[in-house]
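*Asks:* Data file run.txt (compact mmCIF, C-alpha atoms) is appended below.
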```txt
# COMPACT_ATOMS: atom_id res chain seq x y z
CA MET A 1 -3.62 -71.94 -1.95
CA ILE A 2 -4.16 -68.71 0.02
CA LEU A 3 -2.64 -66.64 -2.76
CA ASP A 4 -5.01 -68.24 -5.28
CA ILE A 5 -7.99 -67.67 -2.97
CA ILE A 6 -7.09 -63.97 -2.64
CA LYS A 7 -6.60 -63.52 -6.39
CA ARG A 8 -9.97 -65.15 -7.12
CA ALA A 9 -11.68 -62.94 -4.55
CA VAL A 10 -10.02 -59.80 -5.94
CA LYS A 11 -11.29 -60.64 -9.42
CA GLU A 12 -14.77 -61.90 -8.49
CA TYR A 13 -15.63 -59.05 -6.10
CA ASN A 14 -13.52 -56.31 -7.73
CA LEU A 15 -11.73 -55.70 -4.43
CA ILE A 16 -8.56 -54.04 -5.70
CA GLU A 17 -7.45 -51.95 -8.65
CA LYS A 18 -3.93 -51.27 -9.82
CA GLY A 19 -2.50 -48.27 -8.01
CA ASP A 20 -4.49 -48.85 -4.82
CA GLY A 21 -2.96 -48.26 -1.44
CA VAL A 22 -4.20 -51.05 0.85
CA LEU A 23 -4.20 -50.57 4.62
CA VAL A 24 -4.34 -53.92 6.48
CA GLY A 25 -5.81 -54.01 9.97
CA LEU A 26 -2.99 -55.96 11.60
CA SER A 27 -3.73 -57.29 15.08
CA GLY A 28 -0.82 -59.73 15.05
CA GLY A 29 -3.04 -62.82 15.04
CA ALA A 30 -2.76 -65.60 12.47
CA ASP A 31 -5.48 -64.20 10.17
CA SER A 32 -4.09 -60.68 9.84
CA VAL A 33 -0.46 -61.92 9.66
CA CYS A 34 -1.46 -64.24 6.81
CA LEU A 35 -3.31 -61.47 4.96
CA THR A 36 -0.51 -58.92 5.34
CA HIS A 37 2.17 -61.37 4.17
CA ALA A 38 0.04 -62.61 1.25
CA LEU A 39 -0.80 -59.11 0.01
CA CYS A 40 2.87 -58.17 0.16
CA ALA A 41 3.69 -61.29 -1.87
CA LEU A 42 1.07 -60.28 -4.45
CA SER A 43 1.76 -56.53 -4.39
CA ASP A 44 3.71 -56.42 -7.64
CA GLU A 45 1.23 -58.63 -9.47
CA LEU A 46 -1.77 -56.64 -8.18
CA GLY A 47 -0.02 -53.28 -8.55
CA ILE A 48 -0.69 -52.15 -4.97
CA THR A 49 1.15 -50.60 -2.05
CA VAL A 50 0.56 -52.34 1.28
CA TYR A 51 0.38 -50.53 4.64
CA ALA A 52 -0.52 -51.82 8.10
CA ALA A 53 -2.33 -50.30 11.08
CA HIS A 54 -2.48 -51.61 14.65
CA LEU A 55 -4.67 -50.33 17.47
CA ASN A 56 -3.75 -51.02 21.09
CA HIS A 57 -7.15 -51.14 22.82
CA GLY A 58 -5.75 -50.39 26.28
CA ILE A 59 -7.29 -53.56 27.71
CA ARG A 60 -4.64 -56.29 28.11
CA GLY A 61 -1.70 -54.37 29.56
CA ALA A 62 1.67 -56.03 28.91
CA GLU A 63 0.14 -58.49 26.46
CA ALA A 64 -1.16 -55.63 24.32
CA GLU A 65 2.29 -54.04 24.34
CA ARG A 66 3.73 -57.40 23.25
CA ASP A 67 1.31 -57.48 20.31
CA GLU A 68 2.21 -53.93 19.29
CA ASN A 69 5.94 -54.71 19.38
CA PHE A 70 5.36 -57.89 17.37
CA VAL A 71 3.46 -55.92 14.69
CA LYS A 72 6.22 -53.32 14.46
CA ASN A 73 8.90 -55.99 14.03
CA PHE A 74 6.81 -57.99 11.56
CA THR A 75 6.10 -55.01 9.30
CA LYS A 76 9.74 -53.92 9.52
CA MET A 77 10.71 -57.38 8.26
CA LEU A 78 8.23 -57.02 5.38
CA GLY A 79 9.48 -53.52 4.62
CA ILE A 80 6.06 -51.82 4.83
CA LYS A 81 4.92 -48.73 6.72
CA CYS A 82 3.04 -49.42 9.95
CA PHE A 83 0.81 -47.02 11.90
CA THR A 84 0.07 -47.67 15.58
CA GLU A 85 -2.17 -45.95 18.09
CA THR A 86 -3.30 -46.57 21.67
CA ALA A 87 -6.88 -45.98 22.81
CA ASP A 88 -8.75 -46.32 26.10
CA ILE A 89 -11.56 -48.52 24.82
CA PRO A 90 -13.03 -49.31 28.28
CA ALA A 91 -13.43 -45.57 28.91
CA LEU A 92 -15.00 -45.05 25.48
CA SER A 93 -17.35 -47.96 26.16
CA ARG A 94 -18.53 -46.34 29.40
CA GLU A 95 -18.84 -42.90 27.80
CA LEU A 96 -20.99 -44.12 24.91
CA GLY A 97 -22.90 -46.74 26.89
CA ILE A 98 -21.96 -49.55 24.49
CA SER A 99 -20.03 -52.80 24.82
CA GLU A 100 -16.23 -52.79 24.70
CA GLU A 101 -16.46 -54.93 21.56
CA THR A 102 -18.63 -52.34 19.80
CA ALA A 103 -16.55 -49.43 21.10
CA GLY A 104 -13.36 -51.10 19.87
CA ARG A 105 -14.83 -51.66 16.41
CA LYS A 106 -16.05 -48.06 16.21
CA TYR A 107 -12.70 -46.56 17.23
CA ARG A 108 -10.73 -48.99 15.05
CA TYR A 109 -12.52 -48.05 11.85
CA GLU A 110 -12.31 -44.35 12.67
CA PHE A 111 -8.55 -44.83 13.11
CA PHE A 112 -8.28 -46.66 9.78
CA ASN A 113 -10.37 -44.10 7.88
CA ASN A 114 -8.42 -41.18 9.31
CA LEU A 115 -5.19 -42.80 8.08
CA CYS A 116 -6.70 -43.33 4.62
CA GLU A 117 -7.70 -39.69 4.40
CA LYS A 118 -4.36 -38.40 5.67
CA TYR A 119 -2.14 -40.59 3.48
CA ASN A 120 -4.42 -40.97 0.44
CA ILE A 121 -4.85 -44.72 1.00
CA THR A 122 -7.76 -46.13 -1.00
CA LYS A 123 -8.68 -49.47 0.63
CA ILE A 124 -8.91 -50.97 4.12
CA ALA A 125 -8.34 -54.74 4.22
CA THR A 126 -9.53 -56.83 7.15
CA ALA A 127 -8.75 -60.50 7.69
CA HIS A 128 -12.27 -61.88 8.15
CA ASN A 129 -12.53 -65.47 6.94
CA LYS A 130 -15.11 -68.27 6.49
CA ASN A 131 -15.11 -69.13 10.17
CA ASP A 132 -15.78 -65.49 11.11
CA ASN A 133 -18.59 -65.47 8.57
CA ALA A 134 -20.28 -68.53 10.08
CA GLU A 135 -19.93 -67.06 13.59
CA THR A 136 -21.45 -63.77 12.43
CA ILE A 137 -24.41 -65.51 10.77
CA LEU A 138 -25.17 -67.51 13.91
CA MET A 139 -24.77 -64.46 16.14
CA ASN A 140 -27.06 -62.34 13.96
CA PHE A 141 -29.68 -65.11 13.82
CA MET A 142 -29.75 -65.41 17.61
CA ARG A 143 -30.02 -61.63 18.00
CA GLY A 144 -33.10 -61.59 15.79
CA SER A 145 -31.46 -60.00 12.77
CA ALA A 146 -33.41 -59.43 9.58
CA ILE A 147 -32.45 -61.28 6.41
CA ALA A 148 -29.61 -58.84 5.74
CA GLY A 149 -27.84 -60.15 8.85
CA LEU A 150 -28.06 -63.69 7.51
CA CYS A 151 -26.10 -62.70 4.40
CA GLY A 152 -22.99 -62.79 6.52
CA ILE A 153 -19.97 -60.54 6.13
CA PRO A 154 -19.75 -58.83 2.72
CA ALA A 155 -16.56 -59.20 0.71
CA LYS A 156 -16.66 -55.48 0.04
CA ARG A 157 -18.42 -52.54 1.63
CA GLY A 158 -17.36 -49.09 0.54
CA ASN A 159 -13.58 -48.89 0.88
CA ILE A 160 -13.42 -51.96 3.17
CA ILE A 161 -12.35 -55.24 1.53
CA ARG A 162 -12.03 -58.78 2.90
CA PRO A 163 -9.74 -60.82 0.63
CA LEU A 164 -9.67 -63.85 2.98
CA LEU A 165 -13.44 -64.30 3.23
CA CYS A 166 -13.32 -67.46 1.08
CA ALA A 167 -10.54 -69.06 3.17
CA ASP A 168 -11.10 -71.01 6.38
CA ARG A 169 -8.97 -70.86 9.50
CA THR A 170 -7.26 -74.18 8.80
CA GLN A 171 -6.03 -72.91 5.42
CA ILE A 172 -4.81 -69.69 7.03
CA GLU A 173 -2.84 -71.47 9.76
CA ARG A 174 -1.37 -73.82 7.14
CA TYR A 175 -0.17 -70.80 5.12
CA CYS A 176 1.52 -69.34 8.20
CA ALA A 177 3.25 -72.68 8.93
CA GLU A 178 4.41 -73.15 5.33
CA ASN A 179 5.89 -69.65 5.24
CA GLY A 180 7.47 -69.77 8.69
CA LEU A 181 5.24 -66.97 10.00
CA SER A 182 4.85 -66.60 13.74
CA TYR A 183 1.90 -64.76 15.24
CA VAL A 184 0.50 -63.75 18.62
CA THR A 185 -2.68 -64.94 20.33
CA ASP A 186 -5.04 -62.55 22.10
CA SER A 187 -5.81 -64.17 25.46
CA THR A 188 -9.34 -62.72 25.41
CA ASN A 189 -10.05 -64.98 22.41
CA ASN A 190 -9.74 -67.95 24.77
CA THR A 191 -12.35 -66.73 27.21
CA ASP A 192 -16.12 -67.00 26.86
CA GLY A 193 -16.81 -63.46 28.05
CA TYR A 194 -17.84 -62.39 24.55
CA THR A 195 -20.75 -63.78 22.53
CA ARG A 196 -18.55 -64.48 19.52
CA ASN A 197 -16.13 -66.52 21.63
CA LYS A 198 -18.96 -68.65 23.02
CA ILE A 199 -20.10 -69.37 19.48
CA ARG A 200 -16.53 -70.15 18.36
CA HIS A 201 -15.60 -72.40 21.29
CA THR A 202 -18.89 -74.07 22.12
CA LEU A 203 -21.65 -73.78 19.53
CA LEU A 204 -19.75 -74.25 16.26
CA PRO A 205 -17.79 -77.33 17.45
CA PHE A 206 -21.06 -78.84 18.69
CA ILE A 207 -22.80 -78.26 15.34
CA GLU A 208 -19.84 -79.69 13.42
CA LYS A 209 -19.66 -82.76 15.68
CA GLU A 210 -23.35 -83.55 15.99
CA PHE A 211 -24.99 -82.23 12.81
CA ASN A 212 -22.75 -81.09 9.95
CA ALA A 213 -18.98 -81.52 9.84
CA ASN A 214 -18.87 -79.12 6.86
CA PHE A 215 -21.01 -76.43 8.49
CA ILE A 216 -18.51 -73.60 7.89
CA ASN A 217 -18.77 -74.10 4.12
CA THR A 218 -22.52 -74.72 4.28
CA ALA A 219 -23.05 -71.41 6.09
CA ALA A 220 -20.92 -69.55 3.54
CA ASP A 221 -22.84 -71.10 0.60
CA ASN A 222 -26.22 -70.34 2.17
CA ALA A 223 -25.15 -66.77 2.85
CA LEU A 224 -24.53 -66.23 -0.86
CA LEU A 225 -28.01 -67.56 -1.75
CA ILE A 226 -29.66 -65.45 0.94
CA LYS A 227 -27.78 -62.38 -0.29
CA ASP A 228 -29.20 -62.77 -3.80
CA ASP A 229 -32.74 -62.77 -2.38
CA SER A 230 -31.92 -59.93 0.01
CA ASP A 231 -30.52 -57.73 -2.75
CA TYR A 232 -33.73 -58.13 -4.77
CA LEU A 233 -35.92 -57.22 -1.79
CA GLU A 234 -33.67 -54.32 -0.80
CA ASN A 235 -33.89 -52.75 -4.26
CA ALA A 236 -37.68 -53.00 -4.23
CA ALA A 237 -37.86 -51.49 -0.74
CA LYS A 238 -35.53 -48.61 -1.63
CA GLU A 239 -37.87 -47.56 -4.43
CA SER A 240 -40.80 -47.46 -2.01
CA TYR A 241 -38.72 -45.69 0.63
CA LEU A 242 -37.63 -42.94 -1.77
CA SER A 243 -41.17 -42.32 -2.98
CA LEU A 244 -43.01 -42.54 0.36
CA VAL A 245 -40.71 -41.17 3.09
CA LYS A 246 -40.40 -37.40 3.39
CA ASP A 247 -38.57 -35.61 6.22
CA GLY A 248 -38.44 -38.70 8.42
CA ALA A 249 -42.17 -39.42 8.08
CA ILE A 250 -44.38 -41.78 6.10
CA ALA A 251 -48.16 -41.99 5.84
CA ALA A 252 -49.19 -44.85 8.10
CA GLU A 253 -51.84 -46.01 5.63
CA ALA A 254 -49.28 -46.19 2.81
CA LEU A 255 -46.85 -48.13 4.97
CA LEU A 256 -49.49 -50.70 5.90
CA LYS A 257 -50.30 -51.27 2.23
CA GLU A 258 -46.72 -52.36 1.54
CA PRO A 259 -45.78 -56.07 1.82
CA PRO A 260 -44.47 -56.76 5.34
CA SER A 261 -40.93 -57.41 4.07
CA THR A 262 -40.92 -54.01 2.32
CA ALA A 263 -42.48 -52.20 5.28
CA ARG A 264 -39.83 -53.55 7.66
CA ARG A 265 -37.05 -52.42 5.35
CA ILE A 266 -38.56 -48.95 5.03
CA ILE A 267 -38.49 -48.64 8.82
CA ARG A 268 -34.86 -49.79 8.90
CA TYR A 269 -33.95 -47.12 6.34
CA MET A 270 -35.72 -44.51 8.47
CA LEU A 271 -33.81 -45.67 11.55
CA ARG A 272 -30.58 -45.58 9.58
CA ASP A 273 -31.26 -41.96 8.62
CA VAL A 274 -31.68 -40.97 12.26
CA TYR A 275 -28.92 -43.06 13.84
CA GLY A 276 -26.44 -43.02 10.96
CA GLY A 277 -26.29 -46.84 11.01
CA LEU A 278 -28.10 -49.99 12.05
CA ASN A 279 -25.83 -51.60 14.65
CA ASP A 280 -27.80 -53.47 17.30
CA VAL A 281 -31.20 -52.90 15.63
CA THR A 282 -33.11 -56.19 15.91
CA SER A 283 -36.18 -57.45 14.07
CA GLY A 284 -38.16 -57.07 17.31
CA TYR A 285 -37.18 -53.42 17.44
CA VAL A 286 -38.46 -52.88 13.90
CA ARG A 287 -41.62 -54.88 14.60
CA ASP A 288 -42.51 -52.66 17.57
CA ILE A 289 -42.22 -49.55 15.41
CA LEU A 290 -44.26 -51.09 12.59
CA SER A 291 -47.04 -51.86 15.05
CA LEU A 292 -47.47 -48.12 15.64
CA ALA A 293 -48.82 -47.64 12.12
CA ALA A 294 -52.18 -49.11 13.13
CA LYS A 295 -52.51 -47.05 16.32
CA GLN A 296 -54.08 -43.69 17.08
CA SER A 297 -52.41 -40.31 16.82
CA GLY A 298 -50.17 -39.43 19.75
CA THR A 299 -48.95 -42.98 20.37
CA LYS A 300 -45.20 -42.95 20.87
CA ILE A 301 -42.27 -45.32 21.46
CA HIS A 302 -39.09 -44.03 23.08
CA LEU A 303 -35.91 -45.42 21.53
CA ALA A 304 -32.25 -45.10 22.47
CA ASP A 305 -30.29 -41.84 22.16
CA ASN A 306 -33.36 -39.58 22.54
CA VAL A 307 -35.02 -40.95 19.39
CA THR A 308 -38.77 -41.51 19.22
CA ALA A 309 -41.16 -43.22 16.85
CA ARG A 310 -44.71 -41.87 16.96
CA ILE A 311 -47.98 -41.57 15.09
CA GLU A 312 -48.82 -37.94 14.39
CA TYR A 313 -51.84 -37.00 12.27
CA GLY A 314 -51.78 -40.23 10.28
CA LYS A 315 -48.03 -40.31 9.78
CA LEU A 316 -45.36 -42.51 11.30
CA VAL A 317 -42.50 -40.24 12.33
CA ILE A 318 -39.04 -41.36 13.49
CA GLU A 319 -36.79 -38.58 14.68
CA ARG A 320 -34.38 -37.47 17.34
CA GLU A 321 -36.23 -35.29 19.81
CA ALA A 322 -34.99 -31.75 20.08
CA GLU A 323 -34.58 -30.12 23.46
CA ALA A 324 -37.72 -28.39 24.67
CA ILE A 325 -38.12 -24.92 23.15
CA GLN A 326 -37.66 -22.26 25.81
CA PRO A 327 -40.01 -19.24 25.86
CA PHE A 328 -38.69 -16.39 23.73
CA PHE A 329 -39.39 -12.66 23.38
CA ALA A 330 -37.72 -10.21 21.03
CA GLU A 331 -38.60 -6.64 20.13
CA VAL A 332 -37.77 -6.04 16.46
CA ARG A 333 -37.40 -2.82 14.47
CA GLN A 334 -37.93 -1.90 10.86
CA GLY A 335 -34.74 -2.00 8.83
CA GLU A 336 -33.03 -4.43 11.22
CA THR A 337 -32.33 -8.17 11.45
CA THR A 338 -32.66 -9.88 14.83
CA PHE A 339 -31.52 -13.38 15.81
CA ILE A 340 -33.81 -15.42 18.06
CA LYS A 341 -31.58 -18.12 19.52
CA GLU A 342 -34.38 -20.25 21.02
CA ILE A 343 -35.70 -21.12 17.54
CA SER A 344 -32.39 -20.59 15.67
CA LYS A 345 -33.98 -18.11 13.28
CA THR A 346 -33.27 -14.60 12.13
CA VAL A 347 -36.16 -12.17 11.60
CA THR A 348 -35.85 -9.20 9.27
CA VAL A 349 -38.39 -6.37 9.24
CA THR A 350 -38.58 -3.95 6.31
CA ALA A 351 -41.08 -1.33 5.17
CA ALA A 352 -43.27 -2.56 2.29
CA VAL A 353 -45.60 -0.87 -0.20
CA LYS A 354 -46.17 -3.91 -2.39
CA ARG A 355 -46.60 -7.61 -1.66
CA GLN A 356 -44.07 -9.89 -3.37
CA SER A 357 -44.01 -13.64 -3.84
CA GLY A 358 -42.15 -15.69 -1.25
CA GLY A 359 -42.61 -16.90 2.29
CA ALA A 360 -42.58 -13.54 4.11
CA VAL A 361 -45.43 -12.25 6.28
CA TYR A 362 -46.95 -8.90 5.23
CA LEU A 363 -48.82 -6.87 7.86
CA ALA A 364 -50.48 -3.49 8.12
CA CYS A 365 -48.20 -1.59 10.45
CA GLY A 366 -47.07 1.99 11.01
CA ALA A 367 -43.47 3.17 11.21
CA ASP A 368 -43.73 3.86 14.96
CA ASP A 369 -45.66 0.75 15.92
CA LYS A 370 -44.01 -1.63 18.38
CA ILE A 371 -43.36 -5.10 16.92
CA VAL A 372 -42.58 -8.11 19.12
CA ILE A 373 -41.82 -11.72 18.19
CA ARG A 374 -42.55 -14.15 21.01
CA SER A 375 -43.57 -17.70 21.84
CA ARG A 376 -47.20 -18.57 22.47
CA ARG A 377 -48.79 -18.04 25.86
CA GLU A 378 -51.74 -19.59 27.65
CA GLY A 379 -54.95 -17.87 26.58
CA ASP A 380 -53.56 -16.36 23.36
CA ARG A 381 -56.34 -15.61 20.89
CA PHE A 382 -56.51 -13.95 17.47
CA TYR A 383 -58.86 -13.37 14.50
CA PRO A 384 -57.33 -15.42 11.64
CA TYR A 385 -58.02 -14.03 8.18
CA GLY A 386 -60.41 -16.26 6.23
CA MET A 387 -62.13 -17.60 9.35
CA THR A 388 -65.13 -16.35 11.30
CA GLY A 389 -64.77 -15.12 14.84
CA SER A 390 -61.71 -15.51 17.03
CA LYS A 391 -59.63 -18.60 17.59
CA LYS A 392 -57.42 -19.70 20.44
CA VAL A 393 -53.84 -20.01 19.23
CA LYS A 394 -53.60 -23.47 20.79
CA GLU A 395 -56.71 -24.69 18.94
CA TYR A 396 -55.50 -23.13 15.68
CA LEU A 397 -52.16 -24.98 15.89
CA ILE A 398 -53.92 -28.25 16.68
CA ASN A 399 -56.26 -27.82 13.72
CA LYS A 400 -53.26 -27.09 11.48
CA LYS A 401 -51.83 -30.42 12.68
CA ILE A 402 -48.68 -28.85 14.08
CA PRO A 403 -47.04 -31.57 16.24
CA LYS A 404 -47.28 -30.85 19.95
CA GLU A 405 -43.52 -30.68 20.46
CA LYS A 406 -43.20 -28.04 17.69
CA ARG A 407 -46.00 -25.68 18.71
CA ASN A 408 -43.84 -23.61 21.05
CA SER A 409 -41.45 -22.84 18.19
CA VAL A 410 -44.15 -21.16 16.06
CA PRO A 411 -43.45 -17.41 16.25
CA ILE A 412 -46.26 -15.14 17.42
CA ILE A 413 -46.07 -11.65 15.87
CA VAL A 414 -47.47 -8.98 18.17
CA ILE A 415 -48.05 -5.32 17.16
CA ASN A 416 -48.78 -2.78 19.90
CA GLY A 417 -49.64 -5.61 22.30
CA VAL A 418 -52.13 -7.33 19.94
CA ILE A 419 -51.47 -10.61 18.10
CA ALA A 420 -51.06 -9.77 14.41
CA ALA A 421 -50.03 -13.17 13.08
CA VAL A 422 -49.42 -16.75 14.20
CA GLY A 423 -46.61 -18.02 12.02
CA LYS A 424 -47.80 -17.03 8.54
CA ARG A 425 -51.51 -16.84 9.40
CA VAL A 426 -52.39 -13.13 9.58
CA ASP A 427 -54.99 -11.63 11.92
CA ARG A 428 -57.67 -9.99 9.76
CA ASN A 429 -57.26 -6.72 11.69
CA PHE A 430 -53.69 -6.44 10.38
CA LEU A 431 -54.38 -7.42 6.77
CA PHE A 432 -51.82 -5.83 4.43
CA THR A 433 -53.30 -3.56 1.75
CA ASP A 434 -51.06 -0.87 0.24
CA SER A 435 -48.44 -0.27 2.94
CA GLY A 436 -47.00 -1.86 6.05
CA VAL A 437 -44.11 -4.18 6.88
CA LYS A 438 -42.57 -7.32 5.45
CA ILE A 439 -41.42 -9.79 8.14
CA GLU A 440 -39.14 -12.58 6.95
CA PHE A 441 -37.90 -15.53 8.99
CA LYS A 442 -34.83 -17.53 8.02
CA SER A 443 -33.25 -20.54 9.70
CA LEU A 444 -29.71 -19.92 10.84
CA GLU A 445 -27.17 -21.82 8.73
CA VAL A 446 -24.73 -23.54 11.05
CA GLU A 447 -21.41 -24.76 9.64
CA ASP A 448 -20.07 -28.18 10.68
```
Can you dump the structure from the file as structure tokens?

*Replies:*
Amino acid sequence: MILDIIKRAVKEYNLIEKGDGVLVGLSGGADSVCLTHALCALSDELGITVYAAHLNHGIRGAEAERDENFVKNFTKMLGIKCFTETADIPALSRELGISEETAGRKYRYEFFNNLCEKYNITKIATAHNKNDNAETILMNFMRGSAIAGLCGIPAKRGNIIRPLLCADRTQIERYCAENGLSYVTDSTNNTDGYTRNKIRHTLLPFIEKEFNANFINTAADNALLIKDDSDYLENAAKESYLSLVKDGAIAAEALLKEPPSTARRIIRYMLRDVYGGLNDVTSGYVRDILSLAAKQSGTKIHLADNVTARIEYGKLVIEREAEAIQPFFAEVRQGETTFIKEISKTVTVTAAVKRQSGGAVYLACGADDKIVIRSRREGDRFYPYGMTGSKKVKEYLINKKIPKEKRNSVPIIVINGVIAAVGKRVDRNFLFTDSGVKIEFKSLEVED
């Protein structure tokens, strides 16, 4: 039965193609033992090469070593290559400030993906099943997940496939018994120290006993229906997101005009862009950010990992805050390029007799004049071209709607001790006519 379930899943969800290398995450438990054995049995028919990977999380001491030895012996019996690695997950958990469960998942998938890249393996197979799916749906619901969390575990996401997702734990254990397969049991699965274990040992049995004996299948069926609705809403929201969000910001008025379901998804996409994922983002978290759209400029919410959501000049902005810009001062010379580390920009000064198109600043300036690029100072004032009278630099930046945290990064160009330009706004006393200097700023390109 398991072999038929896997073959149907492969066909329905396009999980595997001939020629794929499939890396199974093999813990040594019944689910992963079943999956590894079944894929090996189907390898010729599916045209795949099966590999296994096992991560020792550095948590259970001798028991973890037992599991690793079991995996090595099991894969040797199957005649497949097995990769093992040991990690200090408790230390990683403390370092990142996340749960051991989350840290283990993060490290595990990094381990798997590194193996895929190194050995040109195309798919990662995990042994999630119907029971895991029901547990995940309940856990996401209680955490306040959006509708996407109620879709359950996907059969395929990128290079990760789950061929056993349509099999329940009873069918898996029956397959192991029928094929004489032994497996190991993680003692932490028997404790209620983790949320998932509490759901598995307490909540699910209670639901099945008191309300619905077929709840595992009911949850799986509902997840498929919810996913159809979710996919439709996601596609609509992506269109709005792509058209409305620019550089991590969206006009608050435009966001509020969107249907609430679309607005929430737009915010989730914005959070995804900043964090690189959506783990542990709840509906309450999104709701708090959405509430900002109706508030006045300057209102801000501080999020985890130095990320903020704020209203700035009618826009909702979600971004990771940069470190405060330190004061800077650099004397620059014609014909030279100078790097200003505080703003990560180079500045090049060249003599000019004609203005050209582009983003450079052109100023009236003699060959012997002293040119300085510095940060703004209290009391700075200049005479901006096109305006009457003088203007405080601070007021000018506010009127230009430069966010407060970015004002100190705007370069002030000073010639012979007098402010000649604020960013690209030239002082009318230094207006370029037929000769002077061209001052060009460029952001420093930093390689990964």

*Asks:* Give, as lines of an AutoDock Vina configuration file, the centre coordinates and the x, y and z edge lengths in Å to one decimal for an axis-aligned box around all listed atoms of segment 412-415 of chain A, padded by 5 Å on each side.

*Replies:*
```
center_x = -47.1
center_y = -10.2
center_z = 17.0
size_x = 12.0
size_y = 19.8
size_z = 12.3
```

*Asks:* Kindly indicate which residue among A:Leu303, A:Val286, A:Val332, A:Ala293 lies nearest to Leu316 of chain A, using only C-alpha atoms for the distances.

*Replies:*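 Among the listed residues, A:Ala293 lies closest to Leu316 of chain A.
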
*Asks:* Rank nothing, just name the residue among A:Glu253, A:Glu85, A:Asp31, A:Glu258 nearest to Asn131 of chain A, using only C-alpha atoms.

*Replies:* A:Asp31

*Asks:* Mind giving me the straight-line distance from atom CA of Lys76 of chain A to atom CA of Ala9 of chain A in Å, one decimal?

*Replies:*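 Spanning atom CA of Lys76 of chain A to atom CA of Ala9 of chain A is a straight-line distance of 27.2 Å.
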
*Asks:* Extract, using all atoms listed in the file, all DNA, RNA and protein residues at most 8 Å from Phe329 of chain A, discarding same-chain residues fewer than 4 positions from it, and format them as number ranges by chain.

*Replies:* A: 372-375

*Asks:* Quote the spacing between atom CA of Ile59 of chain A and atom CA of Asn133 of chain A in Å to one decimal place.

*Replies:*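 Computing the Euclidean distance for atom CA of Ile59 of chain A and atom CA of Asn133 of chain A yields 25.2 Å.
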
*Asks:* Using only C-alpha atoms, collect all residues at a distance of at most 10 Å from (-4.5, -48.0, -7.6) as written in the file, then present them as a ChimeraX atom specification.

*Replies:* /A:16-22,46-49,121-123
